[in-house]
file my_file-v1.csv (CSV, C-alpha atoms)
chain,number,residue,atom,x,y,z
A,62,MET,CA,0.0,0.0,0.0
A,63,PHE,CA,2.8,2.4,0.8
A,64,ALA,CA,4.6,1.5,-2.4
A,65,ALA,CA,1.4,2.3,-4.3
A,66,ILE,CA,1.0,5.8,-3.0
A,67,GLY,CA,4.8,6.5,-3.0
A,68,ASP,CA,6.6,8.4,-5.8
A,69,GLY,CA,8.6,6.0,-8.0
A,70,GLN,CA,9.2,2.3,-8.3
A,71,SER,CA,9.4,-0.2,-5.4
A,72,ARG,CA,10.8,-3.7,-5.8
A,73,LEU,CA,9.7,-6.0,-3.1
A,74,LYS,CA,11.7,-9.2,-2.6
A,75,ASN,CA,10.5,-12.1,-0.5
A,76,TYR,CA,6.9,-10.9,-0.8
A,77,SER,CA,4.6,-13.3,0.8
A,78,SER,CA,2.6,-15.8,-1.4
A,79,ALA,CA,-0.2,-15.6,1.2
A,80,ARG,CA,-3.7,-15.3,-0.2
A,81,ASP,CA,-4.2,-12.2,2.0
A,82,CYS,CA,-1.2,-10.4,0.4
A,83,GLN,CA,-2.4,-11.4,-3.1
A,84,SER,CA,-5.8,-9.8,-2.2
A,85,THR,CA,-4.0,-6.6,-1.4
A,86,LEU,CA,-2.2,-6.6,-4.8
A,87,ASP,CA,-5.5,-7.4,-6.6
A,88,CYS,CA,-7.3,-4.5,-5.0
A,89,LEU,CA,-4.4,-2.1,-5.8
A,90,GLU,CA,-4.4,-3.2,-9.4
A,91,LYS,CA,-8.1,-2.4,-9.7
A,92,LEU,CA,-7.3,1.1,-8.3
A,93,GLY,CA,-5.0,1.7,-11.3
A,94,ILE,CA,-1.6,0.7,-9.7
A,95,ARG,CA,0.8,-1.0,-12.1
A,96,ILE,CA,2.2,-4.2,-10.5
A,97,GLY,CA,4.6,-6.7,-12.0
A,98,ARG,CA,4.7,-10.2,-10.5
A,99,GLU,CA,7.7,-12.5,-11.0
A,100,PRO,CA,9.0,-15.4,-8.9
A,101,GLY,CA,10.5,-13.8,-5.8
A,102,LEU,CA,9.9,-10.2,-6.9
A,103,ILE,CA,6.9,-7.8,-6.9
A,104,THR,CA,7.4,-4.5,-8.8
A,105,ILE,CA,5.1,-1.6,-8.0
A,106,GLU,CA,5.0,1.6,-9.9
A,107,GLY,CA,3.9,4.2,-7.3
A,108,ALA,CA,1.2,6.6,-8.3
A,109,GLY,CA,1.9,9.2,-5.7
A,110,ILE,CA,-0.4,10.6,-3.1
A,111,ASP,CA,-2.9,11.8,-5.7
A,112,GLY,CA,-2.6,9.0,-8.3
A,113,ILE,CA,-5.1,6.4,-7.2
A,114,GLU,CA,-7.8,5.8,-9.8
A,115,ALA,CA,-11.5,4.9,-9.3
A,116,ALA,CA,-12.1,1.2,-9.5
A,117,SER,CA,-14.4,-0.1,-12.2
A,118,GLY,CA,-15.9,-2.7,-9.9
A,119,ILE,CA,-16.1,-3.9,-6.3
A,120,LEU,CA,-12.8,-4.5,-4.5
A,121,ASP,CA,-12.5,-7.9,-2.9
A,122,ALA,CA,-10.2,-8.1,0.2
A,123,GLY,CA,-10.8,-11.9,0.4
A,124,ASN,CA,-10.1,-13.1,4.0
A,125,SER,CA,-7.8,-10.2,4.9
A,126,GLY,CA,-8.9,-7.9,7.7
A,127,SER,CA,-5.7,-5.9,7.3
A,128,THR,CA,-6.5,-5.3,3.6
A,129,ILE,CA,-10.1,-4.1,4.1
A,130,ARG,CA,-9.4,-2.0,7.2
A,131,MET,CA,-6.1,-0.4,6.1
A,132,LEU,CA,-7.1,0.2,2.5
A,133,SER,CA,-10.3,1.8,3.7
A,134,GLY,CA,-8.1,4.5,5.2
A,135,ILE,CA,-6.6,5.2,1.8
A,136,LEU,CA,-10.0,5.1,0.0
A,137,ALA,CA,-11.4,7.6,2.5
A,138,GLY,CA,-8.9,10.1,1.1
A,139,GLN,CA,-10.0,9.6,-2.6
A,140,ALA,CA,-12.5,12.0,-4.3
A,141,PHE,CA,-14.6,9.1,-5.6
A,142,THR,CA,-16.7,6.3,-4.3
A,143,THR,CA,-15.4,2.8,-3.9
A,144,GLU,CA,-17.1,-0.4,-2.7
A,145,ILE,CA,-15.0,-2.9,-0.9
A,146,THR,CA,-16.0,-6.3,0.6
A,147,GLY,CA,-14.5,-9.7,1.4
A,148,ASP,CA,-15.4,-13.3,2.0
A,149,GLU,CA,-18.0,-14.6,4.5
A,150,SER,CA,-15.6,-14.3,7.4
A,151,ILE,CA,-14.7,-10.7,6.6
A,152,GLN,CA,-18.4,-9.8,6.3
A,153,ARG,CA,-18.9,-11.0,9.9
A,154,ARG,CA,-16.0,-8.9,11.3
A,155,PRO,CA,-16.7,-5.5,13.0
A,156,MET,CA,-15.9,-2.5,10.8
A,157,LYS,CA,-17.5,0.3,12.9
A,158,ARG,CA,-14.2,0.6,14.6
A,159,ILE,CA,-12.8,2.2,11.4
A,160,ILE,CA,-16.0,3.7,10.1
A,161,ASP,CA,-16.3,6.0,13.2
A,162,PRO,CA,-12.9,7.7,12.9
A,163,LEU,CA,-13.0,7.9,9.1
A,164,THR,CA,-16.4,9.4,9.2
A,165,LEU,CA,-15.1,12.0,11.7
A,166,MET,CA,-12.5,12.9,9.2
A,167,GLY,CA,-15.1,13.6,6.6
A,168,ALA,CA,-15.6,10.4,4.6
A,169,ARG,CA,-19.1,9.0,4.0
A,170,ILE,CA,-19.3,5.3,4.6
A,171,GLU,CA,-22.3,3.0,4.1
A,172,ALA,CA,-22.1,-0.4,5.7
A,173,ARG,CA,-24.5,-3.3,6.3
A,174,GLU,CA,-26.1,-2.7,9.7
A,175,GLY,CA,-23.7,0.2,10.1
A,176,ASN,CA,-20.9,-2.2,11.0
A,177,PHE,CA,-20.3,-4.9,8.4
A,178,ALA,CA,-18.9,-5.2,4.9
A,179,PRO,CA,-19.6,-4.5,2.1
A,180,LEU,CA,-18.4,-0.9,2.7
A,181,LYS,CA,-19.3,1.9,0.3
A,182,ILE,CA,-16.7,4.7,0.8
A,183,SER,CA,-17.1,8.2,-0.6
A,184,GLY,CA,-14.0,10.1,0.3
A,185,GLY,CA,-11.9,13.2,-0.3
A,186,ASP,CA,-11.6,16.5,1.5
A,187,LEU,CA,-10.6,14.9,4.8
A,188,LYS,CA,-9.8,16.9,7.9
A,189,ALA,CA,-7.3,16.0,10.5
A,190,ILE,CA,-8.5,14.6,13.8
A,191,GLU,CA,-7.2,13.5,17.1
A,192,TYR,CA,-8.6,10.0,17.9
A,193,THR,CA,-8.3,7.5,20.7
A,194,PRO,CA,-9.4,4.0,19.5
A,195,PRO,CA,-11.8,2.3,21.9
A,196,VAL,CA,-10.1,-1.0,21.2
A,197,ALA,CA,-6.4,-1.8,21.0
A,198,SER,CA,-6.0,-2.5,17.3
A,199,ALA,CA,-3.0,-1.9,15.0
A,200,GLN,CA,-5.4,-2.1,12.0
A,201,VAL,CA,-7.6,0.7,13.3
A,202,LYS,CA,-4.5,2.8,14.1
A,203,SER,CA,-3.1,2.2,10.7
A,204,SER,CA,-6.4,3.0,8.9
A,205,VAL,CA,-6.6,6.4,10.6
A,206,LEU,CA,-2.9,7.2,10.0
A,207,LEU,CA,-3.2,6.2,6.3
A,208,ALA,CA,-6.3,8.5,6.0
A,209,GLY,CA,-4.3,11.2,7.7
A,210,LEU,CA,-1.8,11.1,4.8
A,211,PHE,CA,-4.6,12.6,2.6
A,212,ALA,CA,-6.0,15.1,5.2
A,213,GLU,CA,-5.0,18.7,5.6
A,214,GLY,CA,-3.2,19.2,8.9
A,215,LYS,CA,-1.9,16.8,11.6
A,216,THR,CA,-3.8,13.6,12.3
A,217,THR,CA,-3.1,12.0,15.7
A,218,VAL,CA,-3.9,8.6,17.1
A,219,ILE,CA,-3.6,8.2,20.9
A,220,GLU,CA,-2.9,4.6,21.9
A,221,LYS,CA,-3.6,3.7,25.5
A,222,THR,CA,-2.3,0.2,24.8
A,223,PRO,CA,0.6,0.0,22.4
A,224,THR,CA,0.0,-2.2,19.4
A,225,ARG,CA,2.2,-3.5,16.5
A,226,ASN,CA,4.0,-0.5,15.0
A,227,HIS,CA,4.9,-1.7,11.4
A,228,THR,CA,2.9,1.2,10.0
A,229,GLU,CA,4.9,3.8,12.0
A,230,VAL,CA,8.1,2.2,10.9
A,231,MET,CA,7.0,2.2,7.2
A,232,LEU,CA,5.9,5.9,7.5
A,233,ARG,CA,9.4,6.8,8.5
A,234,GLU,CA,10.9,4.6,5.8
A,235,CYS,CA,8.8,6.5,3.2
A,236,GLY,CA,9.8,9.9,4.5
A,237,ALA,CA,6.4,10.8,6.0
A,238,ALA,CA,6.2,13.6,8.5
A,239,ILE,CA,5.5,11.5,11.6
A,240,GLU,CA,5.9,12.3,15.3
A,241,ILE,CA,5.7,9.8,18.1
A,242,ASP,CA,5.5,11.0,21.7
A,243,LYS,CA,5.1,9.2,25.0
A,244,VAL,CA,2.3,10.7,27.1
A,245,SER,CA,0.6,9.8,30.4
A,246,ALA,CA,-2.3,8.3,28.5
A,247,GLY,CA,0.0,6.1,26.4
A,248,GLU,CA,1.5,7.1,23.1
A,249,ARG,CA,0.6,9.9,20.6
A,250,ILE,CA,1.3,9.1,16.9
A,251,SER,CA,0.9,12.0,14.5
A,252,VAL,CA,1.2,12.3,10.8
A,253,THR,CA,1.0,15.5,8.7
A,254,GLY,CA,-1.0,15.1,5.6
A,255,ARG,CA,-0.6,16.1,1.9
A,256,GLN,CA,3.1,15.4,1.9
A,257,PRO,CA,4.7,13.2,-0.8
A,258,LEU,CA,6.0,9.8,0.1
A,259,ARG,CA,9.2,8.3,-1.4
A,260,ALA,CA,9.2,4.9,-3.0
A,261,LEU,CA,10.7,1.9,-1.1
A,262,GLY,CA,13.2,1.1,-3.8
A,263,ASP,CA,14.7,-2.4,-3.3
A,264,TYR,CA,13.0,-3.8,-0.2
A,265,THR,CA,13.5,-7.3,1.2
A,266,VAL,CA,10.5,-8.3,3.3
A,267,ALA,CA,11.5,-10.1,6.5
A,268,GLY,CA,10.0,-13.5,7.4
A,269,ASP,CA,6.8,-13.2,9.4
A,270,LEU,CA,7.1,-14.1,13.0
A,271,SER,CA,3.5,-15.0,13.3
A,272,SER,CA,4.0,-17.7,10.7
A,273,ALA,CA,7.4,-18.7,12.2
A,274,ALA,CA,5.6,-19.2,15.5
A,275,PHE,CA,4.1,-22.5,14.4
A,276,PHE,CA,7.5,-24.0,13.5
A,277,ILE,CA,9.1,-22.6,16.7
A,278,VAL,CA,6.5,-24.3,18.9
A,279,ALA,CA,6.8,-27.5,16.8
A,280,ALA,CA,10.5,-27.6,17.6
A,281,LEU,CA,9.9,-27.0,21.3
A,282,ILE,CA,7.4,-29.7,21.9
A,283,THR,CA,8.8,-32.4,19.6
A,284,LYS,CA,11.6,-34.7,20.9
A,285,ASN,CA,15.1,-34.4,19.6
A,286,SER,CA,14.3,-31.3,17.5
A,287,ARG,CA,16.5,-28.3,16.5
A,288,LEU,CA,15.3,-25.8,14.0
A,289,LYS,CA,16.8,-22.6,12.6
A,290,LEU,CA,14.6,-20.0,10.9
A,291,GLN,CA,16.4,-17.3,8.9
A,292,HIS,CA,15.8,-13.5,8.4
A,293,ILE,CA,12.7,-13.3,10.6
A,294,GLY,CA,11.2,-10.0,11.7
A,295,ILE,CA,11.8,-9.3,15.4
A,296,ASN,CA,10.0,-6.0,15.8
A,297,PRO,CA,9.6,-5.6,19.6
A,298,SER,CA,5.8,-5.3,19.1
A,299,ARG,CA,5.8,-8.9,17.7
A,300,THR,CA,8.1,-10.8,20.0
A,301,ALA,CA,5.7,-11.3,23.0
A,302,LEU,CA,5.3,-15.0,22.0
A,303,ILE,CA,9.1,-15.5,22.2
A,304,ASP,CA,9.2,-13.9,25.6
A,305,VAL,CA,6.3,-16.1,26.9
A,306,LEU,CA,7.8,-19.3,25.5
A,307,LYS,CA,11.2,-18.4,27.1
A,308,GLN,CA,9.3,-17.9,30.4
A,309,MET,CA,8.0,-21.4,30.0
A,310,GLY,CA,11.6,-22.7,29.6
A,311,GLY,CA,11.6,-22.8,25.9
A,312,ARG,CA,15.1,-23.1,24.5
A,313,ILE,CA,15.1,-20.2,21.9
A,314,GLU,CA,18.1,-18.3,20.7
A,315,ILE,CA,17.9,-15.0,18.7
A,316,ALA,CA,21.0,-14.9,16.5
A,317,ASP,CA,22.6,-12.3,14.2
A,318,SER,CA,20.2,-9.5,15.1
A,319,ARG,CA,20.4,-6.7,12.6
A,320,LEU,CA,18.3,-3.8,11.2
A,321,ALA,CA,16.8,-3.9,7.7
A,322,HIS,CA,14.5,-1.1,6.3
A,323,GLY,CA,14.0,0.2,9.9
A,324,GLU,CA,12.8,-3.2,11.2
A,325,GLY,CA,14.8,-5.6,13.4
A,326,VAL,CA,15.5,-9.0,11.8
A,327,ALA,CA,17.4,-12.1,13.1
A,328,ASP,CA,17.7,-15.8,12.8
A,329,ILE,CA,15.8,-17.8,15.4
A,330,ILE,CA,17.0,-21.2,16.7
A,331,ALA,CA,14.5,-23.4,18.7
A,332,GLU,CA,15.2,-26.7,20.3
A,333,SER,CA,13.2,-29.4,22.2
A,334,SER,CA,12.4,-28.1,25.6
A,335,ASP,CA,10.8,-29.2,28.9
A,336,LEU,CA,8.2,-26.5,29.4
A,337,LYS,CA,7.5,-25.5,33.0
A,338,GLY,CA,5.7,-22.8,34.9
A,339,ASP,CA,2.5,-21.0,35.8
A,340,LEU,CA,1.6,-18.1,33.6
A,341,ASP,CA,-1.2,-15.5,33.7
A,342,LEU,CA,-1.5,-13.5,30.5
A,343,SER,CA,-3.7,-10.5,30.3
A,344,GLY,CA,-3.8,-6.7,29.7
A,345,ALA,CA,-1.4,-5.0,27.3
A,346,LEU,CA,0.5,-8.2,26.6
A,347,ILE,CA,-2.5,-9.7,24.8
A,348,ALA,CA,-2.5,-7.0,22.1
A,349,ASN,CA,1.0,-8.1,21.0
A,350,LEU,CA,0.2,-11.8,21.3
A,351,ILE,CA,-3.3,-12.0,19.9
A,352,ASP,CA,-2.5,-13.9,16.7
A,353,GLU,CA,-0.2,-16.4,18.4
A,354,ILE,CA,-2.7,-17.6,21.1
A,355,PRO,CA,-3.8,-20.6,19.1
A,356,ILE,CA,-0.3,-22.1,18.8
A,357,LEU,CA,0.5,-20.9,22.4
A,358,ALA,CA,-2.5,-23.0,23.6
A,359,VAL,CA,-1.1,-26.0,21.8
A,360,ALA,CA,2.3,-25.5,23.5
A,361,ALA,CA,0.5,-25.2,26.9
A,362,THR,CA,-0.8,-28.7,26.6
A,363,GLN,CA,2.8,-29.8,27.2
A,364,LEU,CA,3.5,-27.3,30.0
A,365,HIS,CA,4.3,-28.6,33.5
A,366,GLY,CA,2.1,-26.0,35.0
A,367,THR,CA,-0.9,-23.8,34.1
A,368,LEU,CA,-1.5,-21.2,31.4
A,369,ARG,CA,-4.3,-18.7,31.9
A,370,ILE,CA,-5.3,-16.2,29.2
A,371,ARG,CA,-7.8,-13.4,30.0
A,372,GLU,CA,-8.9,-10.1,28.5
A,373,ALA,CA,-8.6,-11.7,25.0
A,374,ALA,CA,-12.2,-11.3,23.9
A,375,GLU,CA,-10.9,-9.9,20.6
A,376,LEU,CA,-10.2,-13.5,19.7
A,377,ARG,CA,-13.9,-14.0,19.3
A,378,VAL,CA,-14.1,-11.7,16.3
A,379,LYS,CA,-11.1,-12.9,14.3
A,380,GLU,CA,-11.4,-15.1,11.2
A,381,SER,CA,-13.3,-17.4,13.5
A,382,ASP,CA,-14.3,-17.4,17.2
A,383,ARG,CA,-10.8,-18.5,18.0
A,384,ILE,CA,-11.5,-19.1,21.7
A,385,ARG,CA,-14.3,-21.5,20.8
A,386,ALA,CA,-12.2,-23.1,18.0
A,387,ILE,CA,-9.3,-23.7,20.3
A,388,VAL,CA,-11.4,-25.1,23.1
A,389,ASP,CA,-13.6,-27.4,20.9
A,390,ASN,CA,-10.6,-28.8,19.0
A,391,LEU,CA,-8.4,-29.4,22.1
A,392,ARG,CA,-11.3,-31.2,23.8
A,393,LYS,CA,-11.6,-33.4,20.7
A,394,MET,CA,-7.9,-34.3,21.2
A,395,GLY,CA,-8.6,-35.3,24.9
A,396,ILE,CA,-7.4,-32.1,26.5
A,397,GLU,CA,-9.1,-30.7,29.6
A,398,ILE,CA,-9.5,-26.9,29.1
A,399,ASP,CA,-11.6,-24.2,30.7
A,400,GLU,CA,-13.3,-21.6,28.6
A,401,PHE,CA,-14.0,-18.0,29.6
A,402,ASP,CA,-15.8,-15.3,27.8
A,403,ASP,CA,-12.4,-13.6,27.3
A,404,GLY,CA,-10.0,-16.4,27.4
A,405,LEU,CA,-9.1,-19.9,28.5
A,406,ARG,CA,-7.1,-22.0,31.0
A,407,ILE,CA,-5.0,-25.1,30.4
A,408,ALA,CA,-3.2,-27.2,33.0
A,409,GLY,CA,-0.6,-29.6,31.7
A,410,PRO,CA,1.1,-31.7,30.7
A,411,GLN,CA,-1.6,-33.6,29.0
A,412,LYS,CA,-1.5,-36.3,26.3
A,413,LEU,CA,-3.0,-35.4,22.9
A,414,ARG,CA,-4.8,-38.0,20.9
A,415,GLY,CA,-5.5,-37.8,17.2
A,416,ALA,CA,-8.9,-36.5,16.1
A,417,ARG,CA,-10.8,-35.0,13.3
A,418,ILE,CA,-10.2,-31.2,13.7
A,419,GLU,CA,-12.3,-28.4,12.3
A,420,SER,CA,-10.4,-25.4,11.0
A,421,PHE,CA,-13.5,-23.2,10.9
A,422,ASP,CA,-11.8,-21.8,7.7
A,423,ASP,CA,-9.3,-20.1,9.9
A,424,HIS,CA,-5.6,-20.3,8.9
A,425,ARG,CA,-4.2,-20.0,12.3
A,426,ILE,CA,-6.4,-22.8,13.7
A,427,ALA,CA,-5.5,-25.1,10.8
A,428,MET,CA,-1.8,-24.6,11.3
A,429,ALA,CA,-1.9,-24.7,15.1
A,430,PHE,CA,-3.6,-28.1,15.1
A,431,ALA,CA,-1.3,-29.5,12.5
A,432,VAL,CA,1.4,-28.9,15.0
A,433,ALA,CA,-0.7,-30.5,17.7
A,434,GLY,CA,-1.0,-33.5,15.4
A,435,LEU,CA,2.7,-34.0,15.3
A,436,ILE,CA,2.8,-35.2,18.9
A,437,ALA,CA,-0.7,-36.7,19.2
A,438,ASP,CA,-1.2,-40.5,19.5
A,439,GLY,CA,-2.9,-41.7,16.3
A,440,GLU,CA,-4.0,-39.8,13.2
A,441,THR,CA,-5.1,-36.2,13.1
A,442,GLU,CA,-7.3,-35.0,10.2
A,443,ILE,CA,-7.9,-31.3,9.7
A,444,HIS,CA,-11.1,-30.4,7.9
A,445,GLY,CA,-10.5,-27.2,5.9
A,446,ALA,CA,-6.7,-27.4,6.1
A,447,GLU,CA,-6.5,-25.3,2.9
A,448,ALA,CA,-7.3,-22.3,5.0
A,449,ALA,CA,-3.5,-22.2,5.8
A,450,SER,CA,-3.0,-20.6,2.3
A,451,VAL,CA,-4.5,-17.3,3.7
A,452,SER,CA,-1.1,-16.6,5.4
A,453,LEU,CA,1.3,-19.4,4.4
A,454,PRO,CA,0.4,-21.6,1.4
A,455,GLU,CA,3.6,-23.5,1.7
A,456,PHE,CA,2.9,-24.4,5.4
A,457,PHE,CA,2.3,-28.2,5.0
A,458,GLU,CA,5.1,-28.5,2.5
A,459,ILE,CA,7.5,-26.9,4.9
A,460,LEU,CA,6.2,-28.9,7.8
A,461,ASN,CA,6.5,-32.1,5.9
A,462,GLY,CA,10.0,-31.2,4.9
A,463,ILE,CA,11.3,-30.6,8.4
A,464,ARG,CA,9.4,-33.2,10.4
A,465,ASN,CA,12.0,-35.8,9.8
call {"tool": "encode", "arguments": {"input": "my_file-v1.csv", "output": "structure tokens"}}
result
Amino acid sequence: MFAAIGDGQSRLKNYSSARDCQSTLDCLEKLGIRIGREPGLITIEGAGIDGIEAASGILDAGNSGSTIRMLSGILAGQAFTTEITGDESIQRRPMKRIIDPLTLMGARIEAREGNFAPLKISGGDLKAIEYTPPVASAQVKSSVLLAGLFAEGKTTVIEKTPTRNHTEVMLRECGAAIEIDKVSAGERISVTGRQPLRALGDYTVAGDLSSAAFFIVAALITKNSRLKLQHIGINPSRTALIDVLKQMGGRIEIADSRLAHGEGVADIIAESSDLKGDLDLSGALIANLIDEIPILAVAATQLHGTLRIREAAELRVKESDRIRAIVDNLRKMGIEIDEFDDGLRIAGPQKLRGARIESFDDHRIAMAFAVAGLIADGETEIHGAEAASVSLPEFFEILNGIRN
């Protein structure tokens, strides 16, 4: 998205093959952005801050919440009307959280029941606002900041609970006028609009830690394992899972730490571990761990101790109700687990048995329970395993390649 509204050409290496990322490219092409696709390389001809064109049809974000929420911020700044939607899962996810601030900025947005996709966005003539999101969400923050690039004046987001900051890093990388200040209420992130952005040039995308998490946990809970993952992003807002696994006694080494395009990257080495301890996870930590909770729950089945997760109700409005999906599937595998409105509790270690697992068309559920199947007695069958392609189409190929 930043390459699309930057001035000049960006060449993105190691761009993800994930279906979500392809949905983003498809939407941008419909908005007049010239994109070249080659094995291992995506070339984007930036149209500049005023170069986006009206789409001839409806934009389809597929299964990607990041695409629909963040792109809506850009669309809010365009002097035309765009309709954007997604698959059945996206059409169940709450959009009022971005509709409210974008409307305050001057966009007109129509939504089903005022909250759900499809969204019809009539933008342009935005005014800068100061906004405090009612929920901790990097997608909401990013949507407002992206809209702020098209608004006159300085747009500010106040975060009471810090969330993933890739958007702020990218704003700096593109030369945007961004200010970040610590305040008593949390953090103030401000961007001054109507300023040109520079292209990314040659940009190598780091490996995704949320995808790497499944292989890290697989190494920790499988006997006689040692696994090295190379060039993985270790942005501090993403490493909560590593910290928690280390608290459990996970043998994880961060090697060759370095900076690439403003983001920290490193190699990660994980080895078989005896997991021990009692952990209570809640509050600000959850915002930076939310996507990794399914695989963390699988790890907790092998923990000599108890894992409690609270204040994670956001899991119920992800691609699936992930709390329900985790609980139902672990119970099928013979695990005793307590369910709360906003979390869960697992006391271990417990023995997993093979079962027929339901992915609920959720990529993280499919991948988490594939890892569980590695150490389960008997065969594990995952219904809807193809959901993994949303974030990592090669998941099962990689897993099969390293399991021996």
call {"tool": "atom_distance", "arguments": {"input": "my_file-v1.csv", "atom1": "atom CA of Gly344 of chain A", "atom2": "atom CA of Asp382 of chain A"}}
result
19.5 Å
call {"tool": "closest_residue", "arguments": {"input": "my_file-v1.csv", "among": "A:Ile407, A:Lys379, A:Ala279, A:Ser420", "to": "Ala433 of chain A", "atoms": "only C-alpha atoms"}}
result
A:Ala279
call {"tool": "residues_around", "arguments": {"input": "my_file-v1.csv", "residues": "Pro194 of chain A", "least_positions_apart": "4", "cutoff": "9 Å", "atoms": "all atoms listed in the file", "output": "PyMOL selection string"}}
result
chain A and resi 158-159+162+198+201-202+218-221
call {"tool": "residues_near_point", "arguments": {"input": "my_file-v1.csv", "point": "(-5.3, -9.1, 7.9)", "cutoff": "7 Å", "atoms": "all atoms listed in the file", "output": "ChimeraX atom specification"}}
result
/A:81,125-128
call {"tool": "write_last_selection", "arguments": {"input": "my_file-v1.csv", "atoms": "C-alpha atoms", "output": "mmCIF file, in the coordinates of the input"}}
result
data_model
loop_
_atom_site.group_PDB
_atom_site.id
_atom_site.type_symbol
_atom_site.label_atom_id
_atom_site.label_comp_id
_atom_site.auth_asym_id
_atom_site.auth_seq_id
_atom_site.Cartn_x
_atom_site.Cartn_y
_atom_site.Cartn_z
ATOM 1 C CA ASP A 81 -4.200 -12.200 2.000
ATOM 2 C CA SER A 125 -7.800 -10.200 4.900
ATOM 3 C CA GLY A 126 -8.900 -7.900 7.700
ATOM 4 C CA SER A 127 -5.700 -5.900 7.300
ATOM 5 C CA THR A 128 -6.500 -5.300 3.600
#
call {"tool": "residues_around", "arguments": {"input": "my_file-v1.csv", "residues": "segment 267-275 of chain A", "least_positions_apart": "6", "cutoff": "9 Å", "atoms": "only C-alpha atoms", "output": "PyMOL selection string"}}
result
chain A and resi 75-77+290-295+299-300+302-303+321+324-326+352-353+356-357+425+428-429+432+452-453+456
call {"tool": "write_last_selection", "arguments": {"input": "my_file-v1.csv", "atoms": "C-alpha atoms", "output": "short mmCIF file (atom, residue, chain, number, x, y, z; two decimals), in the frame of the given file"}}
result
data_model
loop_
_atom_site.label_atom_id
_atom_site.label_comp_id
_atom_site.auth_asym_id
_atom_site.auth_seq_id
_atom_site.Cartn_x
_atom_site.Cartn_y
_atom_site.Cartn_z
CA ASN A 75 10.50 -12.10 -0.50
CA TYR A 76 6.90 -10.90 -0.80
CA SER A 77 4.60 -13.30 0.80
CA LEU A 290 14.60 -20.00 10.90
CA GLN A 291 16.40 -17.30 8.90
CA HIS A 292 15.80 -13.50 8.40
CA ILE A 293 12.70 -13.30 10.60
CA GLY A 294 11.20 -10.00 11.70
CA ILE A 295 11.80 -9.30 15.40
CA ARG A 299 5.80 -8.90 17.70
CA THR A 300 8.10 -10.80 20.00
CA LEU A 302 5.30 -15.00 22.00
CA ILE A 303 9.10 -15.50 22.20
CA ALA A 321 16.80 -3.90 7.70
CA GLU A 324 12.80 -3.20 11.20
CA GLY A 325 14.80 -5.60 13.40
CA VAL A 326 15.50 -9.00 11.80
CA ASP A 352 -2.50 -13.90 16.70
CA GLU A 353 -0.20 -16.40 18.40
CA ILE A 356 -0.30 -22.10 18.80
CA LEU A 357 0.50 -20.90 22.40
CA ARG A 425 -4.20 -20.00 12.30
CA MET A 428 -1.80 -24.60 11.30
CA ALA A 429 -1.90 -24.70 15.10
CA VAL A 432 1.40 -28.90 15.00
CA SER A 452 -1.10 -16.60 5.40
CA LEU A 453 1.30 -19.40 4.40
CA PHE A 456 2.90 -24.40 5.40
#
call {"tool": "atom_distance", "arguments": {"input": "my_file-v1.csv", "atom1": "atom CA of Ser251 of chain A", "atom2": "atom CA of Tyr264 of chain A"}}
result
24.7 Å
call {"tool": "residues_around", "arguments": {"input": "my_file-v1.csv", "residues": "Asn285 of chain A", "least_positions_apart": "2", "cutoff": "9 Å", "atoms": "all atoms listed in the file", "output": "PyMOL selection string"}}
result
chain A and resi 280+283+287+332-333
call {"tool": "write_last_selection", "arguments": {"input": "my_file-v1.csv", "atoms": "C-alpha atoms", "output": "PDB file, in the frame of the given file"}}
result
ATOM      1  CA  ALA A 280      10.500 -27.600  17.600  1.00  0.00           C
ATOM      2  CA  THR A 283       8.800 -32.400  19.600  1.00  0.00           C
ATOM      3  CA  ARG A 287      16.500 -28.300  16.500  1.00  0.00           C
ATOM      4  CA  GLU A 332      15.200 -26.700  20.300  1.00  0.00           C
ATOM      5  CA  SER A 333      13.200 -29.400  22.200  1.00  0.00           C
TER       6      SER A 333
END
call {"tool": "residues_around", "arguments": {"input": "my_file-v1.csv", "residues": "Gly338 of chain A", "least_positions_apart": "2", "cutoff": "9 Å", "atoms": "only C-alpha atoms", "output": "JSON, numbers by chain"}}
result
{"A": [308, 309, 310, 336, 340, 364, 365, 366, 367, 368]}
call {"tool": "residues_near_point", "arguments": {"input": "my_file-v1.csv", "point": "(-1.9, 7.4, 12.8)", "cutoff": "9 Å", "atoms": "all atoms listed in the file", "output": "count of residues only"}}
result
22
call {"tool": "closest_residue", "arguments": {"input": "my_file-v1.csv", "among": "A:Gly323, A:Gly434, A:Gly404, A:Pro179", "to": "Ile351 of chain A", "atoms": "only C-alpha atoms"}}
result
A:Gly404
call {"tool": "atom_distance", "arguments": {"input": "my_file-v1.csv", "atom1": "atom CA of Ile182 of chain A", "atom2": "atom CA of Glu106 of chain A"}}
result
24.4 Å
call {"tool": "closest_residue", "arguments": {"input": "my_file-v1.csv", "among": "A:Ile384, A:Leu102, A:Leu435, A:Ala374", "to": "Phe421 of chain A", "atoms": "all atoms listed in the file"}}
result
A:Ile384
call {"tool": "residues_around", "arguments": {"input": "my_file-v1.csv", "residues": "segment 84-98 of chain A", "least_positions_apart": "6", "cutoff": "9 Å", "atoms": "all atoms listed in the file", "output": "JSON, numbers by chain"}}
result
{"A": [62, 65, 66, 104, 105, 106, 107, 108, 112, 113, 114, 115, 116, 117, 118, 119, 120, 121, 122, 123, 124, 125, 127, 128, 129, 132, 145]}
call {"tool": "closest_residue", "arguments": {"input": "my_file-v1.csv", "among": "A:Arg80, A:Lys412, A:Arg385, A:His322", "to": "His227 of chain A", "atoms": "all atoms listed in the file"}}
result
A:His322
